Amino acid sequence: PGGGWELVGAVVGGASYRLAVAADDGSVGATLFTDRLWEGSRVLAEHVWAERASLVAGRRVLELGCGAALPTLVAVRAGAAVGVASDYDDEGVLSAPRRNVEMNCGAGEAGRAAVVGHCWGQGVEALLEAAGGERFDVVMAAECLWKHDLHDALLASMRSCLRPDGGTALVSFSHHIPGLEARDLAFLDKAAELGFACELVSTTEAPHMYSSQRTVDIFLYRLTLGAASG
């Protein structure tokens, strides 16, 4: 397709999704690896669908570092009151999730989906405005922990966007750089220091992104804010 995109497919809950991803052309999108559908995004999307009635139906849902925004699209289809897909505030990055909303959201869904640029750790006013000025019930992030220097900023955005009385964050990730597993997991320690209760939901074996001969474990964690941490 035009606009510097490539198309990939995904099936979640028996429904097919056509997804534009950034072209692998050295642009900002390719630099941030939004030129592919990460396996952690598939795992997160499948969990959203499986737990849709209790997790997202009728709720405000935000995805940070959305890439192709598959979890957001699934949340909207599952009945989220609003699904906001957010990624780095660059048109080359945001054009793909915008296109994916157009391609995958029906007439009754498009009005509940939005794409908003956001740089982690900065003001969240535009994100909250997309949710009617309210904080989110659920914040999602798939495969965002490899940027170790941005853990604090990602957590700041999560905490600023989540409602403090039981707001839930869902974080999926795999270990991409051998020897740096502890630095990935440091995100969870920092989250606990900020008042999140962290719980491992699942571990899923998935194909390696760069080698068909290998597999990786995708970890899905639930982070919950309690009233005392707001």
# chains A, B, ... in the order shown; residues from 1 in each chain; ligands from 1

call {"tool": "residues_around", "arguments": {"residues": "segment 160-169 of chain A", "least_positions_apart": "4", "cutoff": "6 Å", "atoms": "only C-alpha atoms", "output": "mmCIF file with C-alpha atoms, in the first residue's frame"}}
result
data_model
loop_
_atom_site.group_PDB
_atom_site.id
_atom_site.type_symbol
_atom_site.label_atom_id
_atom_site.label_comp_id
_atom_site.auth_asym_id
_atom_site.auth_seq_id
_atom_site.Cartn_x
_atom_site.Cartn_y
_atom_site.Cartn_z
ATOM 1 C CA ARG A 135 -8.267 8.297 33.400
ATOM 2 C CA PHE A 136 -8.066 4.855 31.852
ATOM 3 C CA ASP A 137 -9.216 1.605 33.407
ATOM 4 C CA VAL A 138 -6.628 -0.421 31.470
ATOM 5 C CA VAL A 139 -3.241 0.543 30.034
ATOM 6 C CA MET A 140 -1.408 -1.919 27.768
ATOM 7 C CA ARG A 222 -0.639 -7.675 35.234
ATOM 8 C CA LEU A 223 0.229 -4.514 37.188
ATOM 9 C CA THR A 224 -2.517 -3.190 39.455
ATOM 10 C CA LEU A 225 -2.742 0.147 41.220
ATOM 11 C CA GLY A 226 -4.441 0.158 44.609
ATOM 12 C CA ALA A 227 -6.308 3.061 46.179
ATOM 13 C CA GLY A 230 -3.045 7.114 44.017
#

call {"tool": "residues_around", "arguments": {"residues": "segment 82-88 of chain A", "least_positions_apart": "2", "cutoff": "9 Å", "atoms": "only C-alpha atoms", "output": "VMD selection string"}}
result
chain A and resid 29 32 58 to 69 71 to 73 75 to 76 79 to 80 90 to 91 93 to 94 97 to 98 111 to 120 127 130 to 131

call {"tool": "write_last_selection", "arguments": {"atoms": "C-alpha atoms", "output": "PDB file, in the first residue's frame"}}
result
ATOM      1  CA  GLY A  29       9.278   3.754  12.484  1.00  0.00           C
ATOM      2  CA  LEU A  32      11.674   1.759  16.683  1.00  0.00           C
ATOM      3  CA  GLY A  58     -17.342  -0.915  28.691  1.00  0.00           C
ATOM      4  CA  ARG A  59     -13.963   0.350  29.887  1.00  0.00           C
ATOM      5  CA  ARG A  60     -11.462   2.974  28.805  1.00  0.00           C
ATOM      6  CA  VAL A  61      -8.367   1.299  27.332  1.00  0.00           C
ATOM      7  CA  LEU A  62      -5.011   2.797  26.323  1.00  0.00           C
ATOM      8  CA  GLU A  63      -2.105   1.153  24.518  1.00  0.00           C
ATOM      9  CA  LEU A  64       1.339   2.747  24.832  1.00  0.00           C
ATOM     10  CA  GLY A  65       4.019   2.001  22.238  1.00  0.00           C
ATOM     11  CA  CYS A  66       1.266   0.538  20.097  1.00  0.00           C
ATOM     12  CA  GLY A  67       3.075  -0.127  16.805  1.00  0.00           C
ATOM     13  CA  ALA A  68       0.380  -1.748  14.652  1.00  0.00           C
ATOM     14  CA  ALA A  69      -2.132  -1.400  17.542  1.00  0.00           C
ATOM     15  CA  PRO A  71      -4.379  -5.091  21.119  1.00  0.00           C
ATOM     16  CA  THR A  72      -6.261  -1.798  20.796  1.00  0.00           C
ATOM     17  CA  LEU A  73      -8.216  -3.036  17.781  1.00  0.00           C
ATOM     18  CA  ALA A  75     -10.197  -4.200  22.719  1.00  0.00           C
ATOM     19  CA  VAL A  76     -12.477  -2.007  20.621  1.00  0.00           C
ATOM     20  CA  GLY A  79     -16.609  -3.634  23.476  1.00  0.00           C
ATOM     21  CA  ALA A  80     -14.236  -1.142  25.081  1.00  0.00           C
ATOM     22  CA  ASP A  90       5.902  11.112  14.655  1.00  0.00           C
ATOM     23  CA  GLU A  91       3.636  10.971  11.627  1.00  0.00           C
ATOM     24  CA  VAL A  93       4.986   6.059  13.198  1.00  0.00           C
ATOM     25  CA  LEU A  94       1.353   7.050  13.719  1.00  0.00           C
ATOM     26  CA  PRO A  97      -2.112   2.580  13.465  1.00  0.00           C
ATOM     27  CA  ARG A  98      -4.389   5.228  11.951  1.00  0.00           C
ATOM     28  CA  GLY A 111     -16.090   6.145  16.882  1.00  0.00           C
ATOM     29  CA  ARG A 112     -14.633   4.351  19.896  1.00  0.00           C
ATOM     30  CA  ALA A 113     -11.073   4.204  18.549  1.00  0.00           C
ATOM     31  CA  ALA A 114      -8.451   6.955  18.495  1.00  0.00           C
ATOM     32  CA  VAL A 115      -4.747   7.282  17.696  1.00  0.00           C
ATOM     33  CA  VAL A 116      -2.789   9.853  19.701  1.00  0.00           C
ATOM     34  CA  GLY A 117       0.921  10.651  19.646  1.00  0.00           C
ATOM     35  CA  HIS A 118       2.700  10.633  23.000  1.00  0.00           C
ATOM     36  CA  CYS A 119       6.286  10.641  24.197  1.00  0.00           C
ATOM     37  CA  TRP A 120       6.566   8.653  27.399  1.00  0.00           C
ATOM     38  CA  LEU A 127      -4.376  10.955  25.920  1.00  0.00           C
ATOM     39  CA  ALA A 130      -9.290  11.157  23.921  1.00  0.00           C
ATOM     40  CA  ALA A 131     -10.958   9.303  26.795  1.00  0.00           C
TER      41      ALA A 131
END

call {"tool": "residues_around", "arguments": {"residues": "His151 of chain A", "least_positions_apart": "2", "cutoff": "10 Å", "atoms": "only C-alpha atoms", "output": "list of chain:residue names"}}
result
A:Trp120, A:Gly121, A:Cys144, A:Leu145, A:Trp146, A:Lys147, A:His148, A:Asp149, A:Ala153, A:Leu154, A:Leu155, A:Ala156, A:Arg183, A:Asp184, A:Ala186, A:Phe187, A:Leu188, A:Lys190, A:Ala191

call {"tool": "write_last_selection", "arguments": {"atoms": "N, CA and C atoms", "output": "CSV table (one decimal), in the first residue's frame"}}
result
chain,number,residue,atom,x,y,z
A,120,TRP,N,6.7,9.1,26.0
A,120,TRP,CA,6.6,8.7,27.4
A,120,TRP,C,7.2,9.6,28.4
A,121,GLY,N,6.6,9.8,29.5
A,121,GLY,CA,7.1,10.7,30.5
A,121,GLY,C,6.7,12.2,30.4
A,144,CYS,N,7.8,-3.4,25.0
A,144,CYS,CA,8.3,-2.0,25.2
A,144,CYS,C,9.5,-2.0,26.2
A,145,LEU,N,9.9,-3.1,26.8
A,145,LEU,CA,10.8,-3.1,27.9
A,145,LEU,C,12.3,-3.2,27.4
A,146,TRP,N,12.5,-3.4,26.1
A,146,TRP,CA,13.9,-3.4,25.6
A,146,TRP,C,14.6,-2.1,25.6
A,147,LYS,N,13.8,-1.0,25.8
A,147,LYS,CA,14.3,0.3,25.9
A,147,LYS,C,14.5,0.6,27.4
A,148,HIS,N,15.6,0.1,27.9
A,148,HIS,CA,15.8,0.2,29.4
A,148,HIS,C,15.9,1.6,29.9
A,149,ASP,N,16.5,2.5,29.1
A,149,ASP,CA,16.6,3.9,29.5
A,149,ASP,C,15.3,4.6,29.6
A,153,ALA,N,10.2,6.6,32.3
A,153,ALA,CA,9.3,7.4,31.5
A,153,ALA,C,8.0,6.6,31.2
A,154,LEU,N,8.2,5.4,30.8
A,154,LEU,CA,7.0,4.5,30.5
A,154,LEU,C,6.1,4.4,31.7
A,155,LEU,N,6.7,4.1,32.9
A,155,LEU,CA,6.0,4.0,34.1
A,155,LEU,C,5.3,5.3,34.5
A,156,ALA,N,5.9,6.4,34.3
A,156,ALA,CA,5.3,7.7,34.6
A,156,ALA,C,4.1,7.9,33.8
A,183,ARG,N,18.0,-6.4,33.3
A,183,ARG,CA,17.6,-5.0,33.0
A,183,ARG,C,16.2,-5.0,32.5
A,184,ASP,N,15.7,-6.0,31.8
A,184,ASP,CA,14.3,-6.0,31.4
A,184,ASP,C,13.4,-6.1,32.6
A,186,ALA,N,14.0,-5.2,35.6
A,186,ALA,CA,14.1,-4.1,36.5
A,186,ALA,C,12.9,-3.2,36.4
A,187,PHE,N,12.2,-3.3,35.2
A,187,PHE,CA,11.0,-2.5,35.1
A,187,PHE,C,9.9,-2.9,36.1
A,188,LEU,N,9.8,-4.2,36.4
A,188,LEU,CA,8.9,-4.7,37.4
A,188,LEU,C,9.2,-4.2,38.8
A,190,LYS,N,10.8,-1.4,39.5
A,190,LYS,CA,10.5,0.0,39.6
A,190,LYS,C,9.0,0.2,39.7
A,191,ALA,N,8.2,-0.7,39.0
A,191,ALA,CA,6.7,-0.6,39.1
A,191,ALA,C,6.3,-0.8,40.5

call {"tool": "select_by_dssp", "arguments": {"residues": "segment 10-177 of chain A", "states": "alpha helix (DSSP H)", "output": "MDAnalysis selection string"}}
result
chainID A and resid 28:31 39:50 52:55 70:77 91:104 125:130 151:161

call {"tool": "atom_distance", "arguments": {"atom1": "atom CA of Met158 of chain A", "atom2": "atom CA of Gln122 of chain A"}}
result
11.0 Å

call {"tool": "residues_around", "arguments": {"residues": "Glu143 of chain A", "least_positions_apart": "4", "cutoff": "7 Å", "atoms": "only C-alpha atoms", "output": "list in words"}}
result
Gly40, Ser172, Phe173 and Ser174 of chain A

call {"tool": "closest_residue", "arguments": {"among": "A:Glu109, A:Asp89, A:Glu181, A:Glu39", "to": "Thr204 of chain A", "atoms": "only C-alpha atoms"}}
result
A:Glu39

call {"tool": "closest_residue", "arguments": {"among": "A:Leu37, A:Ala192, A:Leu220, A:Val21", "to": "His208 of chain A", "atoms": "only C-alpha atoms"}}
result
A:Leu37

call {"tool": "closest_residue", "arguments": {"among": "A:Leu70, A:Leu170, A:Met103, A:Ala78", "to": "Arg52 of chain A", "atoms": "only C-alpha atoms"}}
result
A:Ala78

call {"tool": "closest_residue", "arguments": {"among": "A:Ser157, A:Gly179, A:Ala142, A:Ser16", "to": "Glu125 of chain A", "atoms": "only C-alpha atoms"}}
result
A:Ser157

call {"tool": "residues_around", "arguments": {"residues": "segment 5-11 of chain A", "least_positions_apart": "3", "cutoff": "8 Å", "atoms": "only C-alpha atoms", "output": "ChimeraX atom specification"}}
result
/A:1-2,14-23,35-37,42,96

call {"tool": "select_by_dssp", "arguments": {"residues": "segment 7-229 of chain A", "states": "strand (DSSP E)", "output": "compact mmCIF listing (two decimals) with C-alpha atoms, in the first residue's frame"}}
result
# COMPACT_ATOMS: atom_id res chain seq x y z
CA LEU A 7 0.71 -5.34 5.28
CA VAL A 8 0.69 -8.28 7.68
CA GLY A 9 -2.15 -10.44 8.93
CA ALA A 10 -3.28 -11.64 12.35
CA VAL A 11 -6.13 -13.77 13.64
CA VAL A 12 -7.48 -13.20 17.17
CA ALA A 15 -11.42 -12.73 13.51
CA SER A 16 -8.90 -11.68 10.88
CA TYR A 17 -7.07 -8.35 11.03
CA ARG A 18 -5.17 -6.66 8.20
CA LEU A 19 -2.41 -4.55 9.66
CA ALA A 20 -0.20 -1.89 8.17
CA VAL A 21 3.30 -1.75 9.62
CA ALA A 22 6.04 0.78 8.96
CA ARG A 60 -11.46 2.97 28.80
CA VAL A 61 -8.37 1.30 27.33
CA LEU A 62 -5.01 2.80 26.32
CA GLU A 63 -2.10 1.15 24.52
CA LEU A 64 1.34 2.75 24.83
CA VAL A 82 -12.88 3.82 24.09
CA GLY A 83 -9.62 2.38 22.80
CA VAL A 84 -6.70 4.78 22.39
CA ALA A 85 -3.62 3.60 20.51
CA SER A 86 -0.54 5.70 21.21
CA ASP A 87 3.01 5.67 19.98
CA ALA A 113 -11.07 4.20 18.55
CA ALA A 114 -8.45 6.95 18.50
CA VAL A 115 -4.75 7.28 17.70
CA VAL A 116 -2.79 9.85 19.70
CA GLY A 117 0.92 10.65 19.65
CA VAL A 138 -6.63 -0.42 31.47
CA VAL A 139 -3.24 0.54 30.03
CA MET A 140 -1.41 -1.92 27.77
CA ALA A 141 2.17 -2.12 26.52
CA ALA A 142 3.55 -4.88 24.31
CA THR A 168 -4.75 -2.30 35.54
CA ALA A 169 -1.68 -2.31 33.30
CA LEU A 170 -0.93 -5.30 31.07
CA VAL A 171 2.68 -5.63 29.95
CA SER A 172 4.00 -8.29 27.57
CA PHE A 173 7.66 -8.75 26.74
CA PHE A 196 1.93 -1.41 41.41
CA ALA A 197 1.19 -4.98 42.46
CA CYS A 198 2.88 -7.13 39.80
CA GLU A 199 1.61 -10.59 38.88
CA LEU A 200 2.75 -12.99 36.16
CA VAL A 201 -0.30 -13.95 34.10
CA SER A 202 1.21 -16.30 31.53
CA THR A 203 4.32 -17.47 29.74
CA THR A 204 3.86 -18.31 26.06
CA GLU A 205 6.35 -19.91 23.68
CA ALA A 206 6.39 -18.04 20.38
CA PRO A 207 8.46 -17.89 17.19
CA THR A 215 11.52 -19.74 19.89
CA VAL A 216 11.25 -17.27 22.74
CA ASP A 217 9.14 -17.02 25.87
CA ILE A 218 6.63 -14.15 25.93
CA PHE A 219 5.84 -13.03 29.48
CA LEU A 220 2.54 -11.32 30.29
CA TYR A 221 2.28 -9.40 33.56
CA ARG A 222 -0.64 -7.67 35.23
CA LEU A 223 0.23 -4.51 37.19
CA THR A 224 -2.52 -3.19 39.46
CA LEU A 225 -2.74 0.15 41.22
